[in-house]
>>> print(open('entry_14.pdb').read())   # PDB, C-alpha atoms
ATOM      1  CA  MET A   1     -41.288 -11.050  36.367  1.00  0.00           C
ATOM      2  CA  GLU A   2     -40.417  -9.564  32.994  1.00  0.00           C
ATOM      3  CA  GLN A   3     -36.898 -10.332  31.851  1.00  0.00           C
ATOM      4  CA  LYS A   4     -34.721  -7.420  30.904  1.00  0.00           C
ATOM      5  CA  ARG A   5     -33.617  -7.435  27.323  1.00  0.00           C
ATOM      6  CA  LYS A   6     -29.908  -7.731  26.807  1.00  0.00           C
ATOM      7  CA  LYS A   7     -28.397  -4.577  25.452  1.00  0.00           C
ATOM      8  CA  ARG A   8     -27.114  -5.088  21.938  1.00  0.00           C
ATOM      9  CA  PRO A   9     -23.463  -4.253  21.379  1.00  0.00           C
ATOM     10  CA  THR A  10     -22.830  -1.025  19.538  1.00  0.00           C
ATOM     11  CA  PRO A  11     -22.310  -1.922  15.866  1.00  0.00           C
ATOM     12  CA  TYR A  12     -18.956  -1.211  14.285  1.00  0.00           C
ATOM     13  CA  ILE A  13     -19.652   1.703  11.949  1.00  0.00           C
ATOM     14  CA  ILE A  14     -17.678   1.451   8.727  1.00  0.00           C
ATOM     15  CA  HIS A  15     -19.192   4.500   7.075  1.00  0.00           C
ATOM     16  CA  ASP A  16     -17.274   7.022   9.164  1.00  0.00           C
ATOM     17  CA  GLU A  17     -16.124  10.555   8.338  1.00  0.00           C
ATOM     18  CA  TYR A  18     -13.350   9.361   6.014  1.00  0.00           C
ATOM     19  CA  PHE A  19     -15.766   7.198   4.042  1.00  0.00           C
ATOM     20  CA  HIS A  20     -18.058  10.167   3.431  1.00  0.00           C
ATOM     21  CA  LYS A  21     -15.133  12.505   2.798  1.00  0.00           C
ATOM     22  CA  ALA A  22     -13.817  10.140   0.116  1.00  0.00           C
ATOM     23  CA  LYS A  23     -17.219  10.123  -1.570  1.00  0.00           C
ATOM     24  CA  ARG A  24     -17.412  13.900  -1.550  1.00  0.00           C
ATOM     25  CA  GLN A  25     -13.918  14.365  -2.966  1.00  0.00           C
ATOM     26  CA  GLY A  26     -14.192  11.674  -5.642  1.00  0.00           C
ATOM     27  CA  TYR A  27     -11.825   9.114  -4.139  1.00  0.00           C
ATOM     28  CA  ARG A  28     -12.692   5.450  -4.468  1.00  0.00           C
ATOM     29  CA  ALA A  29     -11.949   4.593  -0.825  1.00  0.00           C
ATOM     30  CA  ARG A  30     -11.009   6.129   2.516  1.00  0.00           C
ATOM     31  CA  SER A  31      -7.478   4.793   2.104  1.00  0.00           C
ATOM     32  CA  ALA A  32      -6.748   7.803  -0.114  1.00  0.00           C
ATOM     33  CA  PHE A  33      -6.499   9.893   3.051  1.00  0.00           C
ATOM     34  CA  LYS A  34      -3.878   7.578   4.512  1.00  0.00           C
ATOM     35  CA  LEU A  35      -1.584   8.265   1.582  1.00  0.00           C
ATOM     36  CA  LEU A  36      -2.473  11.961   1.534  1.00  0.00           C
ATOM     37  CA  GLU A  37      -1.403  12.210   5.180  1.00  0.00           C
ATOM     38  CA  LEU A  38       1.818  10.297   4.510  1.00  0.00           C
ATOM     39  CA  GLN A  39       2.466  12.628   1.589  1.00  0.00           C
ATOM     40  CA  GLU A  40       1.880  15.717   3.716  1.00  0.00           C
ATOM     41  CA  LYS A  41       4.200  14.434   6.444  1.00  0.00           C
ATOM     42  CA  TYR A  42       6.997  12.927   4.344  1.00  0.00           C
ATOM     43  CA  ALA A  43       6.674  14.405   0.797  1.00  0.00           C
ATOM     44  CA  LEU A  44       7.187  10.966  -0.756  1.00  0.00           C
ATOM     45  CA  ILE A  45       5.680  11.603  -4.188  1.00  0.00           C
ATOM     46  CA  LYS A  46       7.082  14.180  -6.584  1.00  0.00           C
ATOM     47  CA  PRO A  47       6.221  15.208 -10.162  1.00  0.00           C
ATOM     48  CA  GLY A  48       8.101  13.264 -12.813  1.00  0.00           C
ATOM     49  CA  MET A  49       8.426  10.083 -10.762  1.00  0.00           C
ATOM     50  CA  LYS A  50       7.945   6.528 -11.984  1.00  0.00           C
ATOM     51  CA  VAL A  51       5.832   4.907  -9.256  1.00  0.00           C
ATOM     52  CA  CYS A  52       4.719   1.332  -8.636  1.00  0.00           C
ATOM     53  CA  ASP A  53       1.726   0.720  -6.369  1.00  0.00           C
ATOM     54  CA  VAL A  54       1.157  -2.847  -5.146  1.00  0.00           C
ATOM     55  CA  GLY A  55      -2.571  -3.298  -4.448  1.00  0.00           C
ATOM     56  CA  ARG A  56      -5.153  -2.779  -3.421  1.00  0.00           C
ATOM     57  CA  ALA A  57      -8.515  -2.415  -5.114  1.00  0.00           C
ATOM     58  CA  PRO A  58     -10.400  -0.170  -5.743  1.00  0.00           C
ATOM     59  CA  GLY A  59      -7.376   2.032  -6.521  1.00  0.00           C
ATOM     60  CA  SER A  60      -7.542   5.086  -4.266  1.00  0.00           C
ATOM     61  CA  PHE A  61      -3.740   5.147  -3.831  1.00  0.00           C
ATOM     62  CA  LEU A  62      -3.505   5.344  -7.623  1.00  0.00           C
ATOM     63  CA  GLN A  63      -5.745   8.407  -7.618  1.00  0.00           C
ATOM     64  CA  VAL A  64      -3.554  10.201  -5.072  1.00  0.00           C
ATOM     65  CA  ILE A  65      -0.313   9.292  -6.862  1.00  0.00           C
ATOM     66  CA  ARG A  66      -1.671  10.382 -10.239  1.00  0.00           C
ATOM     67  CA  LYS A  67      -2.879  13.674  -8.770  1.00  0.00           C
ATOM     68  CA  THR A  68       0.666  14.407  -7.595  1.00  0.00           C
ATOM     69  CA  ILE A  69       2.773  13.277 -10.556  1.00  0.00           C
ATOM     70  CA  TRP A  70       0.071  14.380 -13.038  1.00  0.00           C
ATOM     71  CA  LYS A  71       0.956  13.456 -16.637  1.00  0.00           C
ATOM     72  CA  ASP A  72       4.708  13.776 -16.197  1.00  0.00           C
ATOM     73  CA  TRP A  73       5.611  10.099 -15.916  1.00  0.00           C
ATOM     74  CA  LEU A  74       3.986   6.737 -15.252  1.00  0.00           C
ATOM     75  CA  ILE A  75       2.380   4.548 -12.615  1.00  0.00           C
ATOM     76  CA  VAL A  76       2.251   0.739 -12.609  1.00  0.00           C
ATOM     77  CA  TRP A  77      -0.361  -0.884 -10.382  1.00  0.00           C
ATOM     78  CA  ILE A  78      -0.202  -4.568  -9.403  1.00  0.00           C
ATOM     79  CA  ASP A  79      -2.975  -6.537  -7.702  1.00  0.00           C
ATOM     80  CA  LEU A  80      -4.868  -9.807  -7.907  1.00  0.00           C
ATOM     81  CA  LYS A  81      -8.183  -8.004  -8.275  1.00  0.00           C
ATOM     82  CA  ASP A  82      -9.567  -6.071 -11.224  1.00  0.00           C
ATOM     83  CA  ILE A  83     -10.540  -2.449 -10.730  1.00  0.00           C
ATOM     84  CA  ASP A  84     -12.751  -0.115 -12.716  1.00  0.00           C
ATOM     85  CA  LYS A  85     -10.638   1.521 -15.364  1.00  0.00           C
ATOM     86  CA  LEU A  86      -8.994   4.828 -14.563  1.00  0.00           C
ATOM     87  CA  ASN A  87      -8.981   7.060 -17.606  1.00  0.00           C
ATOM     88  CA  TYR A  88      -5.336   8.026 -17.285  1.00  0.00           C
ATOM     89  CA  ASP A  89      -2.937   7.352 -20.136  1.00  0.00           C
ATOM     90  CA  ASN A  90       0.038   7.025 -17.804  1.00  0.00           C
ATOM     91  CA  VAL A  91      -1.497   4.384 -15.477  1.00  0.00           C
ATOM     92  CA  PHE A  92      -0.872   0.710 -16.296  1.00  0.00           C
ATOM     93  CA  THR A  93      -2.665  -1.992 -14.304  1.00  0.00           C
ATOM     94  CA  LEU A  94      -1.350  -5.537 -13.971  1.00  0.00           C
ATOM     95  CA  LYS A  95      -3.527  -8.284 -12.544  1.00  0.00           C
ATOM     96  CA  HIS A  96      -0.878 -10.533 -11.031  1.00  0.00           C
ATOM     97  CA  ASP A  97       0.216 -12.286  -7.846  1.00  0.00           C
ATOM     98  CA  ILE A  98       3.169 -10.546  -6.168  1.00  0.00           C
ATOM     99  CA  TYR A  99       4.402 -13.988  -5.068  1.00  0.00           C
ATOM    100  CA  GLU A 100       4.796 -15.114  -8.695  1.00  0.00           C
ATOM    101  CA  PHE A 101       7.828 -12.946  -9.400  1.00  0.00           C
ATOM    102  CA  GLU A 102       9.237 -14.963 -12.311  1.00  0.00           C
ATOM    103  CA  THR A 103       6.151 -14.296 -14.428  1.00  0.00           C
ATOM    104  CA  LEU A 104       5.573 -10.800 -13.025  1.00  0.00           C
ATOM    105  CA  LYS A 105       9.040  -9.453 -13.837  1.00  0.00           C
ATOM    106  CA  PRO A 106       8.758  -9.604 -17.655  1.00  0.00           C
ATOM    107  CA  ARG A 107       5.353  -7.911 -17.511  1.00  0.00           C
ATOM    108  CA  VAL A 108       6.759  -5.010 -15.486  1.00  0.00           C
ATOM    109  CA  ASP A 109       9.855  -4.833 -17.714  1.00  0.00           C
ATOM    110  CA  ALA A 110       7.619  -4.550 -20.766  1.00  0.00           C
ATOM    111  CA  ILE A 111       6.019  -1.384 -19.376  1.00  0.00           C
ATOM    112  CA  ILE A 112       8.980   0.480 -17.898  1.00  0.00           C
ATOM    113  CA  TRP A 113      11.572  -1.027 -20.289  1.00  0.00           C
ATOM    114  CA  GLU A 114      13.948  -3.743 -19.145  1.00  0.00           C
ATOM    115  CA  GLY A 115      16.651  -2.417 -16.844  1.00  0.00           C
ATOM    116  CA  LYS A 116      14.662   0.688 -15.882  1.00  0.00           C
ATOM    117  CA  LEU A 117      13.607   1.168 -12.245  1.00  0.00           C
ATOM    118  CA  PHE A 118      10.984   2.954 -10.144  1.00  0.00           C
ATOM    119  CA  ASP A 119      11.568   6.105  -8.091  1.00  0.00           C
ATOM    120  CA  LEU A 120       9.025   5.025  -5.476  1.00  0.00           C
ATOM    121  CA  ILE A 121       7.124   1.852  -4.599  1.00  0.00           C
ATOM    122  CA  THR A 122       4.017   2.045  -2.407  1.00  0.00           C
ATOM    123  CA  SER A 123       1.769  -0.663  -1.050  1.00  0.00           C
ATOM    124  CA  ASP A 124      -1.607  -0.653   0.644  1.00  0.00           C
ATOM    125  CA  ILE A 125      -2.062  -4.371   0.158  1.00  0.00           C
ATOM    126  CA  ALA A 126      -3.401  -6.682   2.871  1.00  0.00           C
ATOM    127  CA  PRO A 127      -3.834 -10.460   3.068  1.00  0.00           C
ATOM    128  CA  ASN A 128      -7.219 -12.113   3.122  1.00  0.00           C
ATOM    129  CA  THR A 129      -8.095 -11.943   6.802  1.00  0.00           C
ATOM    130  CA  THR A 130      -9.284 -14.849   8.958  1.00  0.00           C
ATOM    131  CA  GLY A 131     -10.272 -12.988  12.110  1.00  0.00           C
ATOM    132  CA  ARG A 132      -7.342 -14.494  14.010  1.00  0.00           C
ATOM    133  CA  ALA A 133      -4.898 -11.722  14.819  1.00  0.00           C
ATOM    134  CA  ASP A 134      -1.816 -13.960  14.907  1.00  0.00           C
ATOM    135  CA  VAL A 135      -2.578 -15.618  11.563  1.00  0.00           C
ATOM    136  CA  ASP A 136      -3.495 -12.363   9.824  1.00  0.00           C
ATOM    137  CA  GLN A 137      -0.432 -10.548  11.153  1.00  0.00           C
ATOM    138  CA  TYR A 138       1.911 -13.326  10.054  1.00  0.00           C
ATOM    139  CA  ALA A 139       0.336 -13.300   6.581  1.00  0.00           C
ATOM    140  CA  SER A 140       0.788  -9.518   6.395  1.00  0.00           C
ATOM    141  CA  VAL A 141       4.469  -9.770   7.326  1.00  0.00           C
ATOM    142  CA  GLU A 142       5.053 -12.561   4.799  1.00  0.00           C
ATOM    143  CA  LEU A 143       3.325 -10.558   2.065  1.00  0.00           C
ATOM    144  CA  ASN A 144       5.423  -7.485   2.804  1.00  0.00           C
ATOM    145  CA  ILE A 145       8.658  -9.469   2.768  1.00  0.00           C
ATOM    146  CA  TRP A 146       7.818 -10.387  -0.825  1.00  0.00           C
ATOM    147  CA  ILE A 147       7.200  -6.727  -1.643  1.00  0.00           C
ATOM    148  CA  VAL A 148      10.618  -5.881  -0.182  1.00  0.00           C
ATOM    149  CA  LYS A 149      12.093  -8.547  -2.497  1.00  0.00           C
ATOM    150  CA  PHE A 150      10.231  -7.014  -5.441  1.00  0.00           C
ATOM    151  CA  ALA A 151      11.663  -3.603  -4.503  1.00  0.00           C
ATOM    152  CA  ASP A 152      15.166  -5.111  -4.306  1.00  0.00           C
ATOM    153  CA  VAL A 153      14.886  -5.630  -8.068  1.00  0.00           C
ATOM    154  CA  PHE A 154      12.699  -2.727  -9.230  1.00  0.00           C
ATOM    155  CA  LEU A 155      13.442   0.258  -6.945  1.00  0.00           C
ATOM    156  CA  LYS A 156      16.282   2.674  -7.675  1.00  0.00           C
ATOM    157  CA  LYS A 157      19.173   2.953  -5.263  1.00  0.00           C
ATOM    158  CA  TRP A 158      18.686   5.759  -2.673  1.00  0.00           C
ATOM    159  CA  TRP A 159      14.927   5.837  -3.242  1.00  0.00           C
ATOM    160  CA  ASN A 160      12.029   4.854  -0.970  1.00  0.00           C
ATOM    161  CA  LEU A 161       9.464   2.143  -0.264  1.00  0.00           C
ATOM    162  CA  VAL A 162       6.139   2.451   1.604  1.00  0.00           C
ATOM    163  CA  LEU A 163       4.525  -0.635   3.160  1.00  0.00           C
ATOM    164  CA  LYS A 164       1.301  -1.280   5.058  1.00  0.00           C
ATOM    165  CA  VAL A 165       1.771  -3.890   7.774  1.00  0.00           C
ATOM    166  CA  PHE A 166      -0.331  -5.536  10.476  1.00  0.00           C
ATOM    167  CA  ILE A 167       2.014  -5.048  13.413  1.00  0.00           C
ATOM    168  CA  TRP A 168       2.331  -7.682  16.127  1.00  0.00           C
ATOM    169  CA  GLU A 169       4.800 -10.368  17.227  1.00  0.00           C
ATOM    170  CA  ASP A 170       6.231 -11.258  13.802  1.00  0.00           C
ATOM    171  CA  PHE A 171       6.959  -7.663  12.826  1.00  0.00           C
ATOM    172  CA  ASN A 172      10.653  -8.106  13.647  1.00  0.00           C
ATOM    173  CA  ASP A 173      10.941 -10.636  10.816  1.00  0.00           C
ATOM    174  CA  LEU A 174      10.007  -7.882   8.385  1.00  0.00           C
ATOM    175  CA  LEU A 175      12.266  -5.329  10.067  1.00  0.00           C
ATOM    176  CA  LYS A 176      15.262  -7.623   9.539  1.00  0.00           C
ATOM    177  CA  GLU A 177      14.562  -7.740   5.792  1.00  0.00           C
ATOM    178  CA  ILE A 178      14.044  -3.979   5.544  1.00  0.00           C
ATOM    179  CA  LYS A 179      17.282  -3.199   7.397  1.00  0.00           C
ATOM    180  CA  LYS A 180      19.258  -5.246   4.888  1.00  0.00           C
ATOM    181  CA  SER A 181      18.327  -2.843   2.086  1.00  0.00           C
ATOM    182  CA  TYR A 182      17.451   0.578   3.588  1.00  0.00           C
ATOM    183  CA  LYS A 183      19.361   3.116   5.663  1.00  0.00           C
ATOM    184  CA  LYS A 184      16.481   3.992   7.989  1.00  0.00           C
ATOM    185  CA  LEU A 185      12.727   3.634   8.487  1.00  0.00           C
ATOM    186  CA  ASN A 186       9.744   5.305  10.110  1.00  0.00           C
ATOM    187  CA  VAL A 187       6.592   3.623  11.401  1.00  0.00           C
ATOM    188  CA  TYR A 188       3.486   5.789  11.266  1.00  0.00           C
ATOM    189  CA  LYS A 189      -0.257   5.293  11.674  1.00  0.00           C
ATOM    190  CA  PRO A 190      -2.333   7.874   9.756  1.00  0.00           C
ATOM    191  CA  PHE A 191      -5.491   9.211  11.378  1.00  0.00           C
ATOM    192  CA  ALA A 192      -7.559   7.645   8.580  1.00  0.00           C
ATOM    193  CA  CYS A 193      -6.641   4.162   9.867  1.00  0.00           C
ATOM    194  CA  ARG A 194      -9.365   2.769  12.072  1.00  0.00           C
ATOM    195  CA  ASP A 195      -8.434   2.685  15.763  1.00  0.00           C
ATOM    196  CA  ARG A 196      -9.130  -1.019  16.079  1.00  0.00           C
ATOM    197  CA  SER A 197      -7.021  -1.899  13.040  1.00  0.00           C
ATOM    198  CA  PRO A 198      -3.474  -3.258  13.599  1.00  0.00           C
ATOM    199  CA  GLU A 199      -2.303  -1.646  10.357  1.00  0.00           C
ATOM    200  CA  GLU A 200       0.531   0.854  10.305  1.00  0.00           C
ATOM    201  CA  TYR A 201       2.739   2.167   7.526  1.00  0.00           C
ATOM    202  CA  VAL A 202       6.483   1.619   7.298  1.00  0.00           C
ATOM    203  CA  ILE A 203       8.428   4.174   5.275  1.00  0.00           C
ATOM    204  CA  CYS A 204      11.719   2.632   4.171  1.00  0.00           C
ATOM    205  CA  TRP A 205      14.252   5.340   3.288  1.00  0.00           C
ATOM    206  CA  ASP A 206      17.292   5.362   1.037  1.00  0.00           C
ATOM    207  CA  LYS A 207      17.663   1.955  -0.579  1.00  0.00           C
ATOM    208  CA  ILE A 208      21.336   1.058  -0.250  1.00  0.00           C
ATOM    209  CA  ASN A 209      21.807  -1.583  -2.944  1.00  0.00           C
TER     210      ASN A 209
END
>>> encode(input="entry_14.pdb", output="structure tokens")
Amino acid sequence: MEQKRKKRPTPYIIHDEYFHKAKRQGYRARSAFKLLELQEKYALIKPGMKVCDVGRAPGSFLQVIRKTIWKDWLIVWIDLKDIDKLNYDNVFTLKHDIYEFETLKPRVDAIIWEGKLFDLITSDIAPNTTGRADVDQYASVELNIWIVKFADVFLKKWWNLVLKVFIWEDFNDLLKEIKKSYKKLNVYKPFACRDRSPEEYVICWDKIN
């Protein structure tokens, strides 16, 4: 008797509508639409702002931020990976580890002038994933705690921070750190995030110190 072939699982399709939409509109990655949706909902970015974006390559958040602030002020981008150059005079890219704050601080100071601060800090960064949800989520929380510490130094009082987090059991550890420095927060998952992804965005409002 002929054996029935096992049905192959449906492959996970990465090239979805947001991938193709990004290509059509000239964005480097689908993540641009995550920030565009956050911008539409919360109006985070305004012309004339100094903005710091922490990761990640290939730089689609940078494209959205630059489109909004135009040539009025500056953007500093920090990541461990190189990206193809963006031909914008007001975008400065720093290849650096966010964990190595002591060597990062003077490099940021040199761009925005020592003592000057950002009006907004955004992050789309994610840890290197292992495939284990608990390990990856813990690494995401730890990474974001360091970004909160970076914002403690470089974000203006009463201004805002945007974080991308893998949300699971350790999320409360991050919430405790955020609540020390911000008056309120929102958690939001843009439609451009894949359904199976644990990522959500935390908007931290009104830095209090």
>>> residues_around(input="entry_14.pdb", residues="range 18-33 of chain A", least_positions_apart="4", cutoff="10 Å", atoms="only C-alpha atoms", output="short mmCIF file (atom, residue, chain, number, x, y, z; two decimals) with C-alpha atoms, in the coordinates of the input")
data_model
loop_
_atom_site.label_atom_id
_atom_site.label_comp_id
_atom_site.auth_asym_id
_atom_site.auth_seq_id
_atom_site.Cartn_x
_atom_site.Cartn_y
_atom_site.Cartn_z
CA ILE A 14 -17.68 1.45 8.73
CA GLU A 37 -1.40 12.21 5.18
CA LEU A 38 1.82 10.30 4.51
CA GLN A 39 2.47 12.63 1.59
CA ARG A 56 -5.15 -2.78 -3.42
CA ALA A 57 -8.52 -2.42 -5.11
CA PRO A 58 -10.40 -0.17 -5.74
CA GLY A 59 -7.38 2.03 -6.52
CA SER A 60 -7.54 5.09 -4.27
CA PHE A 61 -3.74 5.15 -3.83
CA LEU A 62 -3.50 5.34 -7.62
CA GLN A 63 -5.74 8.41 -7.62
CA VAL A 64 -3.55 10.20 -5.07
CA ILE A 65 -0.31 9.29 -6.86
CA ASP A 84 -12.75 -0.12 -12.72
CA ASP A 124 -1.61 -0.65 0.64
CA PRO A 190 -2.33 7.87 9.76
CA PHE A 191 -5.49 9.21 11.38
CA ALA A 192 -7.56 7.64 8.58
CA CYS A 193 -6.64 4.16 9.87
CA ARG A 194 -9.36 2.77 12.07
#
>>> axis_aligned_box(input="entry_14.pdb", around="range 102-114 of chain A", padding_each_side="8 Å", output="AutoDock Vina command-line options")
--center_x 9.7 --center_y -7.2 --center_z -16.5 --size_x 24.6 --size_y 31.4 --size_z 24.5
>>> resolve_selection(input="entry_14.pdb", expression="the PyMOL selection byres ((chain A and resi 150-153) around 9)", output="ChimeraX atom specification")
/A:98,101,105,117-118,121,145-149,154-156,161,181,207,209
>>> closest_residue(input="entry_14.pdb", among="A:Val54, A:Leu174, A:Val108, A:Ile125", to="Tyr138 in chain A", atoms="all atoms listed in the file")
A:Leu174
>>> closest_residue(input="entry_14.pdb", among="A:Asp119, A:Pro198, A:Gly55, A:Thr68", to="Asp82 in chain A", atoms="all atoms listed in the file")
A:Gly55
>>> closest_residue(input="entry_14.pdb", among="A:Cys204, A:Asp79, A:Gly131, A:Asp89", to="Lys179 in chain A", atoms="all atoms listed in the file")
A:Cys204
>>> residues_around(input="entry_14.pdb", residues="Lys183 in chain A", least_positions_apart="2", cutoff="12 Å", atoms="all atoms listed in the file", output="list of chain:residue names")
A:Lys157, A:Trp158, A:Trp159, A:Asn160, A:Leu161, A:Leu175, A:Glu177, A:Ile178, A:Lys179, A:Lys180, A:Ser181, A:Leu185, A:Asn186, A:Ile203, A:Cys204, A:Trp205, A:Asp206, A:Lys207, A:Ile208, A:Asn209
>>> atom_distance(input="entry_14.pdb", atom1="CA of Trp70 in chain A", atom2="CA of Tyr42 in chain A")
18.8 Å
>>> closest_residue(input="entry_14.pdb", among="A:Val135, A:Ile111, A:Leu120, A:Ile78", to="Trp168 in chain A", atoms="all atoms listed in the file")
A:Val135
>>> atom_distance(input="entry_14.pdb", atom1="CA of Ile45 in chain A", atom2="CA of Glu102 in chain A")
28.0 Å
